[in-house]
$ cat upload-v5.csv   # CSV, C-alpha atoms (C1' of nucleotides) and all ligand atoms
chain,number,residue,atom,x,y,z
A,23,MET,CA,97.3,84.8,52.5
A,24,GLN,CA,94.5,87.2,52.1
A,25,ASN,CA,95.2,90.9,51.7
A,26,LEU,CA,95.0,93.2,54.7
A,27,SER,CA,92.2,95.6,55.1
A,28,LYS,CA,92.9,99.3,55.1
A,29,ASN,CA,93.3,99.8,58.9
A,30,GLN,CA,95.2,96.5,59.2
A,31,GLN,CA,97.6,97.6,56.5
A,32,ILE,CA,98.2,101.0,58.0
A,33,ILE,CA,98.9,99.5,61.4
A,34,PHE,CA,101.0,96.7,60.1
A,35,ASP,CA,103.1,99.1,58.1
A,36,LEU,CA,103.8,101.2,61.2
A,37,ILE,CA,104.8,98.2,63.3
A,38,ASP,CA,106.8,96.6,60.5
A,39,LYS,CA,109.0,99.6,60.0
A,40,SER,CA,109.5,100.2,63.7
A,41,PRO,CA,112.8,99.1,65.1
A,42,GLU,CA,111.2,98.4,68.5
A,43,PRO,CA,107.9,96.9,69.7
A,44,LEU,CA,105.0,99.4,69.7
A,45,LYS,CA,102.3,99.9,72.3
A,46,ALA,CA,98.7,100.2,71.3
A,47,TYR,CA,98.2,103.8,72.3
A,48,SER,CA,101.5,104.8,70.7
A,49,ILE,CA,100.2,103.2,67.5
A,50,LEU,CA,96.9,105.1,67.9
A,51,PHE,CA,98.7,108.4,68.3
A,52,ASN,CA,100.8,107.6,65.2
A,53,VAL,CA,97.9,106.7,62.9
A,54,GLN,CA,95.5,109.4,63.9
A,55,LYS,CA,96.6,111.5,60.9
A,56,ARG,CA,95.5,108.6,58.7
A,57,GLY,CA,92.0,108.5,60.0
A,58,ILE,CA,92.1,105.9,62.8
A,59,LYS,CA,90.7,107.7,65.8
A,60,ALA,CA,89.7,105.2,68.4
A,61,PRO,CA,91.5,102.6,70.5
A,62,LEU,CA,89.1,99.9,69.4
A,63,GLN,CA,90.1,100.4,65.8
A,64,VAL,CA,93.7,99.8,66.8
A,65,TYR,CA,92.9,96.8,68.9
A,66,ARG,CA,90.8,95.2,66.3
A,67,ALA,CA,93.5,95.4,63.7
A,68,LEU,CA,96.1,94.2,66.2
A,69,ASP,CA,93.9,91.2,67.1
A,70,LYS,CA,93.6,90.3,63.5
A,71,LEU,CA,97.3,90.8,62.7
A,72,VAL,CA,98.2,88.6,65.7
A,73,GLU,CA,95.7,85.9,64.6
A,74,ILE,CA,97.2,85.6,61.1
A,75,GLY,CA,100.7,85.8,62.4
A,76,LYS,CA,101.9,89.0,60.9
A,77,ILE,CA,102.7,90.5,64.3
A,78,HIS,CA,103.3,89.1,67.7
A,79,LYS,CA,102.5,90.4,71.1
A,80,ILE,CA,105.3,90.7,73.6
A,81,GLU,CA,103.3,89.8,76.7
A,82,SER,CA,105.7,91.1,79.3
A,83,ARG,CA,105.7,94.5,77.6
A,84,ASN,CA,102.2,94.8,76.3
A,85,ALA,CA,103.7,95.7,72.9
A,86,PHE,CA,103.7,94.4,69.4
A,87,ILE,CA,106.3,93.6,66.8
A,88,ALA,CA,106.2,92.4,63.2
A,89,CYS,CA,107.0,88.8,62.7
A,90,GLN,CA,110.7,88.5,61.8
A,91,ASN,CA,110.3,84.9,60.7
A,92,SER,CA,108.4,84.3,57.6
A,93,SER,CA,107.8,80.7,58.5
A,94,CYS,CA,105.8,81.3,61.6
A,95,GLN,CA,102.7,82.8,60.2
A,96,ILE,CA,100.5,80.7,62.4
A,97,SER,CA,101.8,82.4,65.5
A,98,LYS,CA,101.7,79.3,67.6
A,99,ALA,CA,105.3,78.9,68.5
A,100,THR,CA,107.0,82.1,69.4
A,101,ALA,CA,110.2,83.0,71.2
A,102,PHE,CA,111.9,86.3,71.9
A,103,SER,CA,114.9,87.7,73.5
A,104,ILE,CA,114.4,91.0,75.4
A,105,CYS,CA,117.2,93.2,76.6
A,106,GLU,CA,116.3,94.5,80.1
A,107,SER,CA,118.5,97.6,79.6
A,108,CYS,CA,117.7,99.0,76.2
A,109,GLU,CA,114.5,97.0,75.7
A,110,LYS,CA,115.6,95.7,72.3
A,111,VAL,CA,113.4,92.7,71.3
A,112,THR,CA,114.4,90.1,68.8
A,113,GLU,CA,112.4,87.1,67.6
A,114,ILE,CA,114.3,83.9,68.0
A,115,ASN,CA,114.3,81.6,65.0
A,116,ASN,CA,116.1,78.5,66.1
A,117,SER,CA,114.8,75.1,64.8
A,118,ASN,CA,116.5,73.2,67.6
A,119,LEU,CA,114.6,75.2,70.1
A,120,SER,CA,111.3,75.1,68.3
A,121,LYS,CA,111.5,71.3,67.8
A,122,TYR,CA,112.3,70.8,71.4
A,123,LEU,CA,109.4,72.9,72.6
A,124,THR,CA,106.9,71.7,70.1
A,125,SER,CA,107.5,68.1,71.0
A,126,PHE,CA,107.8,68.8,74.8
A,127,LYS,CA,105.5,66.7,76.8
A,128,ASP,CA,105.1,67.2,80.5
A,129,LYS,CA,103.9,64.6,83.0
A,130,ASN,CA,100.5,66.3,83.4
A,131,GLY,CA,99.4,64.7,80.1
A,132,MET,CA,98.4,68.0,78.6
A,133,LYS,CA,98.5,68.4,74.8
A,134,TYR,CA,100.1,71.6,73.9
A,135,ASN,CA,99.3,73.4,70.6
A,136,LYS,CA,101.0,76.7,71.3
A,137,TYR,CA,103.7,78.3,73.3
A,138,ASN,CA,105.3,81.6,73.9
A,139,LEU,CA,108.8,82.0,75.4
A,140,GLU,CA,110.5,85.2,76.5
A,141,PHE,CA,114.2,85.3,77.4
A,142,PHE,CA,115.5,88.3,79.4
A,143,GLY,CA,119.0,89.5,79.7
A,144,LEU,CA,121.5,92.0,78.3
A,145,CYS,CA,122.1,92.4,74.6
A,146,LYS,CA,125.7,92.6,73.4
A,147,LYS,CA,125.7,96.4,73.3
A,148,CYS,CA,124.5,96.8,76.8
A,149,VAL,CA,126.8,94.1,78.1
A,150,SER,CA,129.8,96.0,76.8
A,151,LYS,CA,128.6,99.3,78.1
A,152,LYS,CA,128.6,97.9,81.6
A,153,SER,CA,132.1,96.5,81.5
B,2,MET,CA,114.0,83.8,103.6
B,3,GLN,CA,112.9,86.8,105.5
B,4,ASN,CA,109.3,86.9,106.9
B,5,LEU,CA,106.6,88.5,104.9
B,6,SER,CA,105.1,91.8,106.1
B,7,LYS,CA,101.5,92.0,107.1
B,8,ASN,CA,100.0,93.0,103.7
B,9,GLN,CA,102.4,90.6,101.9
B,10,GLN,CA,101.2,87.7,104.1
B,11,ILE,CA,97.5,88.5,103.6
B,12,ILE,CA,97.9,88.6,99.9
B,13,PHE,CA,100.2,85.6,99.7
B,14,ASP,CA,97.8,83.5,101.8
B,15,LEU,CA,94.9,84.4,99.5
B,16,ILE,CA,96.9,83.5,96.3
B,17,ASP,CA,98.3,80.4,97.9
B,18,LYS,CA,95.0,78.8,98.7
B,19,SER,CA,93.4,79.8,95.4
B,20,PRO,CA,93.1,76.9,92.9
B,21,GLU,CA,93.4,79.3,90.1
B,22,PRO,CA,95.5,82.4,89.2
B,23,LEU,CA,94.1,85.6,90.8
B,24,LYS,CA,93.9,89.0,89.2
B,25,ALA,CA,95.0,92.1,91.1
B,26,TYR,CA,91.6,93.7,91.5
B,27,SER,CA,90.0,90.4,92.4
B,28,ILE,CA,92.6,90.2,95.2
B,29,LEU,CA,91.8,93.8,96.2
B,30,PHE,CA,88.1,92.9,96.5
B,31,ASN,CA,88.9,89.9,98.6
B,32,VAL,CA,91.3,91.6,101.1
B,33,GLN,CA,89.2,94.7,101.7
B,34,LYS,CA,87.7,93.2,104.7
B,35,ARG,CA,91.2,92.8,106.1
B,36,GLY,CA,92.1,96.5,105.7
B,37,ILE,CA,93.8,96.7,102.4
B,38,LYS,CA,91.8,99.3,100.6
B,39,ALA,CA,93.8,100.6,97.6
B,40,PRO,CA,95.1,99.0,94.4
B,41,LEU,CA,98.6,100.3,95.1
B,42,GLN,CA,98.7,98.3,98.4
B,43,VAL,CA,98.0,95.2,96.4
B,44,TYR,CA,100.4,95.9,93.6
B,45,ARG,CA,103.2,96.7,96.0
B,46,ALA,CA,102.7,93.4,97.8
B,47,LEU,CA,102.5,91.6,94.5
B,48,ASP,CA,105.7,93.2,93.2
B,49,LYS,CA,107.6,92.1,96.3
B,50,LEU,CA,106.1,88.5,96.3
B,51,VAL,CA,107.1,88.2,92.6
B,52,GLU,CA,110.6,89.5,93.4
B,53,ILE,CA,111.2,87.0,96.1
B,54,GLY,CA,109.7,84.1,94.0
B,55,LYS,CA,106.8,83.3,96.3
B,56,ILE,CA,104.4,84.0,93.4
B,57,HIS,CA,104.6,84.3,89.6
B,58,LYS,CA,102.8,86.5,87.2
B,59,ILE,CA,101.1,84.7,84.3
B,60,GLU,CA,101.8,87.3,81.7
B,61,SER,CA,99.3,86.3,79.1
B,62,ARG,CA,96.5,86.5,81.8
B,63,ASN,CA,97.6,89.3,84.0
B,64,ALA,CA,97.2,87.0,86.9
B,65,PHE,CA,99.2,85.7,89.8
B,66,ILE,CA,99.7,82.2,91.2
B,67,ALA,CA,101.7,80.9,94.1
B,68,CYS,CA,105.0,79.2,93.2
B,69,GLN,CA,104.3,75.5,93.1
B,70,ASN,CA,108.0,74.6,92.9
B,71,SER,CA,109.9,75.3,96.1
B,72,SER,CA,113.2,75.3,94.3
B,73,CYS,CA,112.5,78.2,92.0
B,74,GLN,CA,112.4,81.0,94.6
B,75,ILE,CA,114.5,83.2,92.5
B,76,SER,CA,111.8,83.4,89.9
B,77,LYS,CA,114.2,83.5,87.0
B,78,ALA,CA,113.2,80.4,85.1
B,79,THR,CA,109.5,79.8,85.0
B,80,ALA,CA,107.3,77.6,82.8
B,81,PHE,CA,103.5,77.1,82.9
B,82,SER,CA,100.8,75.2,81.1
B,83,ILE,CA,97.6,77.0,80.5
B,84,CYS,CA,94.3,75.3,79.5
B,85,GLU,CA,92.6,77.5,76.9
B,86,SER,CA,89.3,76.1,77.8
B,87,CYS,CA,89.0,76.0,81.6
B,88,GLU,CA,92.0,78.4,82.2
B,89,LYS,CA,93.6,76.0,84.6
B,90,VAL,CA,97.3,76.9,85.1
B,91,THR,CA,100.0,74.6,86.3
B,92,GLU,CA,103.6,75.4,86.9
B,93,ILE,CA,105.9,73.0,85.1
B,94,ASN,CA,108.8,71.6,87.1
B,95,ASN,CA,110.9,69.7,84.6
B,96,SER,CA,114.6,69.6,85.0
B,97,ASN,CA,115.2,68.6,81.4
B,98,LEU,CA,113.3,71.6,80.2
B,99,SER,CA,114.9,74.0,82.7
B,100,LYS,CA,118.4,72.8,81.9
B,101,TYR,CA,117.7,73.1,78.1
B,102,LEU,CA,116.4,76.7,78.5
B,103,THR,CA,118.9,77.9,81.0
B,104,SER,CA,121.8,76.8,78.8
B,105,PHE,CA,120.2,77.9,75.6
B,106,LYS,CA,122.3,80.3,73.5
B,107,ASP,CA,121.1,81.9,70.4
B,108,LYS,CA,123.3,83.2,67.6
B,109,ASN,CA,122.7,86.8,68.6
B,110,GLY,CA,125.2,86.4,71.4
B,111,MET,CA,122.9,87.6,74.1
B,112,LYS,CA,123.4,86.4,77.6
B,113,TYR,CA,120.1,85.4,79.2
B,114,ASN,CA,119.6,85.4,82.9
B,115,LYS,CA,115.9,84.8,83.0
B,116,TYR,CA,113.1,83.3,81.0
B,117,ASN,CA,109.3,82.8,81.1
B,118,LEU,CA,107.6,80.1,79.0
B,119,GLU,CA,103.8,79.6,78.7
B,120,PHE,CA,102.4,76.6,76.9
B,121,PHE,CA,98.8,76.6,75.7
B,122,GLY,CA,96.5,73.8,75.0
B,123,LEU,CA,93.7,71.7,76.5
B,124,CYS,CA,94.1,70.0,79.8
B,125,LYS,CA,93.1,66.3,80.2
B,126,LYS,CA,89.6,67.1,81.5
B,127,CYS,CA,88.9,69.5,78.7
B,128,VAL,CA,90.2,67.2,76.0
B,129,SER,CA,87.9,64.4,77.2
B,130,LYS,CA,84.9,66.7,77.3
B,131,LYS,CA,85.3,67.5,73.6
B,132,SER,CA,85.6,63.9,72.4
C,20,DG,C1',118.6,105.3,120.8
C,21,DT,C1',119.7,106.7,116.1
C,22,DT,C1',119.4,106.1,111.6
C,23,DA,C1',118.3,104.0,107.1
C,24,DA,C1',115.5,100.9,104.7
C,25,DA,C1',111.2,98.9,104.0
C,26,DT,C1',106.5,99.1,104.4
C,27,DT,C1',102.1,101.3,104.7
C,28,DG,C1',98.4,104.7,103.8
C,29,DT,C1',96.0,107.8,100.6
C,30,DT,C1',94.4,110.4,96.6
C,31,DA,C1',94.7,111.0,92.0
C,32,DT,C1',95.6,109.6,87.5
C,33,DA,C1',97.8,107.0,83.6
C,34,DA,C1',97.8,103.1,80.6
C,35,DT,C1',95.7,99.1,78.6
C,36,DA,C1',91.6,96.9,76.8
C,37,DT,C1',86.6,95.7,75.8
C,38,DA,C1',81.2,96.3,75.5
C,39,DA,C1',77.5,97.6,72.8
C,40,DC,C1',75.5,99.1,68.8
C,41,DA,C1',75.0,101.0,64.1
C,42,DT,C1',76.8,101.2,59.5
C,43,DT,C1',79.6,100.0,55.5
C,44,DT,C1',82.4,97.2,52.7
C,45,DT,C1',83.7,92.8,50.7
C,46,DG,C1',83.4,88.3,49.1
C,47,DT,C1',80.3,84.6,47.4
C,48,DA,C1',76.9,82.5,45.0
C,49,DA,C1',72.2,82.2,43.1
D,3,DT,C1',73.5,91.8,39.3
D,4,DT,C1',71.2,91.0,43.1
D,5,DA,C1',70.9,89.0,47.3
D,6,DC,C1',73.1,87.3,51.3
D,7,DA,C1',76.6,86.5,54.8
D,8,DA,C1',81.0,87.6,56.7
D,9,DA,C1',84.3,90.9,57.7
D,10,DA,C1',85.6,95.3,58.7
D,11,DT,C1',84.6,100.0,60.2
D,12,DG,C1',83.0,103.9,63.0
D,13,DT,C1',81.7,105.8,67.5
D,14,DT,C1',80.7,106.5,72.4
D,15,DA,C1',81.2,104.9,76.7
D,16,DT,C1',83.2,102.2,80.1
D,17,DA,C1',86.0,98.4,82.3
D,18,DT,C1',90.4,96.7,83.7
D,19,DT,C1',95.2,97.1,84.8
D,20,DA,C1',98.8,99.7,86.8
D,21,DT,C1',101.6,103.8,88.5
D,22,DA,C1',102.8,108.7,90.3
D,23,DA,C1',103.4,111.5,94.1
D,24,DC,C1',103.7,112.5,98.8
D,25,DA,C1',103.3,111.6,103.8
D,26,DA,C1',103.5,108.7,107.8
D,27,DT,C1',104.8,104.5,110.2
D,28,DT,C1',107.2,100.3,111.2
D,29,DT,C1',111.2,97.4,111.2
D,30,DA,C1',115.9,96.1,111.3
D,31,DA,C1',120.7,97.1,111.9
D,32,DC,C1',124.4,99.6,114.1
E,201,ZN,ZN,107.1,85.2,64.0
E,202,ZN,ZN,120.4,96.3,75.2
E,203,ZN,ZN,107.9,78.7,90.8
E,204,ZN,ZN,90.9,72.6,80.9
$ encode --input "upload-v5.csv" --output "C-alpha cells"
Amino acid sequence: MQNLSKNQQIIFDLIDKSPEPLKAYSILFNVQKRGIKAPLQVYRALDKLVEIGKIHKIESRNAFIACQNSSCQISKATAFSICESCEKVTEINNSNLSKYLTSFKDKNGMKYNKYNLEFFGLCKKCVSKKS
Amino acid sequence: MQNLSKNQQIIFDLIDKSPEPLKAYSILFNVQKRGIKAPLQVYRALDKLVEIGKIHKIESRNAFIACQNSSCQISKATAFSICESCEKVTEINNSNLSKYLTSFKDKNGMKYNKYNLEFFGLCKKCVSKKS
DNA sequence: GTTAAATTGTTATAATATAACATTTTGTAA
DNA sequence: TTACAAAATGTTATATTATAACAATTTAAC
C-alpha cells in the first residue's frame, strides 16, 4: 500500500471519521478550508480512493463511505445494508455471502470479476421506533 | 396491473424495445417528437415505472431497462450482469440466487425487504474478442 | 355529478460529474 | 543529480442527472 497524496489523505480522513456516507459536494464544502476548492479535486481523490479500495461508493445514494473491512482493499466484492428510514449504511462482511457471490455463475456464461450488492430495509433502531 | 398513462406508455415502449439501458435525457430526446418536452415528465414516468416494476434502474449506470423477468413486478429483488467492455446489461433470473439473497440475514439483525445486485465482468462476446 | 387521486404541463434551479489544459510534485533510473 | 515518466494538482468551464414549486387537466371511485 502506497501512501496517500495530500488531497487524498484529507478527503479520506473526512470520510473515515464520518458516521454516515458523504456526498461529493458535502465533502467539497468541508475541505474548502484546507485548500481544496474545486469539484474536480474532490472527484479525482474519490476516484483514486475507490480504485485502491479505501472507500466505496454507495451507488443508490451517490455517496461514499470508508471501507469497514480491511480485507476488501481491492474493492471488487462489496455488500451493504442501507436503512431506508435513517439512511444508516453498514458494510457487510460475511464470508458465506462473499463466497456464494464470488463463485456465482449464471447460465449466460459470463465471467464475473466484480459485484456490488445493496440491501434495503429498516435497521434495528428504526424497526423498534415504528412498533 | 393497472394500465399505463400516456406518458408512461410512450416511455415504457421506448425502453422496452431498446436492446440496451437508456438514460433519462436520451429518453427525453427520443420522445420529444411525441410531445414530452421536459425532463420532469420523463423522470415522473420513470419513477412510476420503477415503482410498479415494469423497468429497473441500473444504479451504476444511471440508466433504465425493461424488466426481463415477468415475475419480479414488485421490483424488490433485482440482479444484473453488466459487461464492462460493451456495456451489455442482462437481468439475472436465478431462483437459487434470489432465494439465497431474500433469506439472507446478517449479524446486524437488520430486516431486509429489498436488494439490488450488480455483477461486472466481460460478456461471452467480449471475452472472445480479447483472446 | 362530485370529489379525490393521479397525471400532466411548465419554468426554473439544484445536485452530480467530467472535459480540457497548464503546472507541479513524486518516483525511478541512468 | 539530472533526466525522464508517471502521478497528482490547480483552474475554468461545461455536461449530465435530478428535483422544487405551482397550476391545470384527466381519471377513477363513490
Ligand atoms: Zn470494504
Ligand atoms: Zn434506521
Ligand atoms: Zn425484473
Ligand atoms: Zn461485452
$ closest_atom_pairs --input "upload-v5.csv" --of "chain B" --to "ligand ZN 202 (chain E)" --cutoff "12 Å" --atoms "all atoms listed in the file" --output "JSON lines"
{"residue": "B:Asn109", "atom": "CA", "partner": "E:ZN202", "partner_atom": "ZN", "distance": 11.8}
{"residue": "B:Gly110", "atom": "CA", "partner": "E:ZN202", "partner_atom": "ZN", "distance": 11.6}
{"residue": "B:Met111", "atom": "CA", "partner": "E:ZN202", "partner_atom": "ZN", "distance": 9.1}
{"residue": "B:Lys112", "atom": "CA", "partner": "E:ZN202", "partner_atom": "ZN", "distance": 10.6}
{"residue": "B:Tyr113", "atom": "CA", "partner": "E:ZN202", "partner_atom": "ZN", "distance": 11.6}
$ atom_distance --input "upload-v5.csv" --atom1 "C1' of DT21 (chain D)" --atom2 "C1' of DT26 (chain C)"
17.3 Å
$ residues_near_ligand --input "upload-v5.csv" --ligand "ligand ZN 201 (chain E)" --cutoff "7 Å" --atoms "all atoms listed in the file" --output "ChimeraX atom specification"
/A:75,77-78,89-92,94-95,97,100,113
$ residues_near_ligand --input "upload-v5.csv" --ligand "ligand ZN 204 (chain E)" --cutoff "8 Å" --atoms "only C-alpha atoms (C1' of nucleotides) and all ligand atoms" --output "list in words"
Cys84, Glu85, Ser86, Cys87, Glu88, Lys89, Leu123, Cys124, Lys125, Lys126, Cys127 and Val128 of chain B
$ residues_around --input "upload-v5.csv" --residues "DC24 (chain D)" --least-positions-apart "2" --cutoff "10 Å" --atoms "all atoms listed in the file" --output "NGL selection string"
(:C and (29-30)) or (:D and (22 or 26))
$ decode --input "upload-v5.csv" --residues "region 72-96 of chain A" --atoms "N, CA and C atoms" --output "CSV table (one decimal), in the first residue's frame"
chain,number,residue,atom,x,y,z
A,72,VAL,N,-11.5,5.0,-4.3
A,72,VAL,CA,-12.3,3.9,-4.7
A,72,VAL,C,-11.5,2.8,-5.3
A,73,GLU,N,-10.6,3.3,-6.3
A,73,GLU,CA,-9.8,2.3,-7.0
A,73,GLU,C,-8.9,1.5,-6.1
A,74,ILE,N,-8.4,2.1,-5.1
A,74,ILE,CA,-7.5,1.3,-4.2
A,74,ILE,C,-8.2,0.7,-3.0
A,75,GLY,N,-9.5,0.9,-3.0
A,75,GLY,CA,-10.4,0.1,-2.0
A,75,GLY,C,-10.4,0.8,-0.6
A,76,LYS,N,-10.0,2.0,-0.5
A,76,LYS,CA,-10.0,2.7,0.8
A,76,LYS,C,-11.5,3.1,1.1
A,77,ILE,N,-12.2,3.5,0.1
A,77,ILE,CA,-13.6,3.9,0.2
A,77,ILE,C,-14.4,3.1,-0.8
A,78,HIS,N,-15.7,3.1,-0.6
A,78,HIS,CA,-16.7,2.5,-1.5
A,78,HIS,C,-17.7,3.6,-1.9
A,79,LYS,N,-18.2,3.5,-3.1
A,79,LYS,CA,-19.4,4.3,-3.5
A,79,LYS,C,-20.7,3.5,-3.2
A,80,ILE,N,-21.6,4.2,-2.5
A,80,ILE,CA,-22.9,3.6,-2.4
A,80,ILE,C,-23.7,4.1,-3.6
A,81,GLU,N,-23.9,3.2,-4.5
A,81,GLU,CA,-24.4,3.7,-5.8
A,81,GLU,C,-25.8,4.2,-5.7
A,82,SER,N,-26.7,3.6,-4.9
A,82,SER,CA,-28.1,4.1,-4.8
A,82,SER,C,-28.2,5.5,-4.1
A,83,ARG,N,-27.1,5.9,-3.5
A,83,ARG,CA,-27.1,7.2,-2.8
A,83,ARG,C,-26.1,8.2,-3.3
A,84,ASN,N,-25.3,7.9,-4.3
A,84,ASN,CA,-24.3,8.7,-4.8
A,84,ASN,C,-23.5,9.3,-3.6
A,85,ALA,N,-23.0,8.4,-2.7
A,85,ALA,CA,-22.3,8.8,-1.5
A,85,ALA,C,-21.2,7.8,-1.3
A,86,PHE,N,-20.2,8.2,-0.4
A,86,PHE,CA,-19.0,7.5,-0.2
A,86,PHE,C,-18.8,7.2,1.3
A,87,ILE,N,-18.4,5.9,1.5
A,87,ILE,CA,-18.0,5.5,2.9
A,87,ILE,C,-16.7,4.9,2.9
A,88,ALA,N,-16.0,5.0,4.1
A,88,ALA,CA,-14.7,4.3,4.2
A,88,ALA,C,-14.9,2.8,4.3
A,89,CYS,N,-14.0,2.0,3.7
A,89,CYS,CA,-14.1,0.6,3.8
A,89,CYS,C,-14.0,0.2,5.3
A,90,GLN,N,-15.0,-0.6,5.7
A,90,GLN,CA,-15.0,-1.1,7.1
A,90,GLN,C,-14.5,-2.5,7.2
A,91,ASN,N,-13.8,-3.0,6.2
A,91,ASN,CA,-13.5,-4.4,6.1
A,91,ASN,C,-12.1,-4.4,5.5
A,92,SER,N,-11.1,-4.5,6.4
A,92,SER,CA,-9.7,-4.3,5.9
A,92,SER,C,-9.3,-5.3,4.9
A,93,SER,N,-10.0,-6.4,4.7
A,93,SER,CA,-9.6,-7.4,3.8
A,93,SER,C,-10.1,-7.1,2.4
A,94,CYS,N,-10.9,-6.1,2.2
A,94,CYS,CA,-11.5,-6.0,0.8
A,94,CYS,C,-10.9,-4.8,0.1
A,95,GLN,N,-9.6,-4.6,0.2
A,95,GLN,CA,-9.0,-3.4,-0.4
A,95,GLN,C,-8.8,-3.5,-1.9
A,96,ILE,N,-9.5,-4.4,-2.5
A,96,ILE,CA,-9.4,-4.5,-4.0
A,96,ILE,C,-10.8,-4.0,-4.5
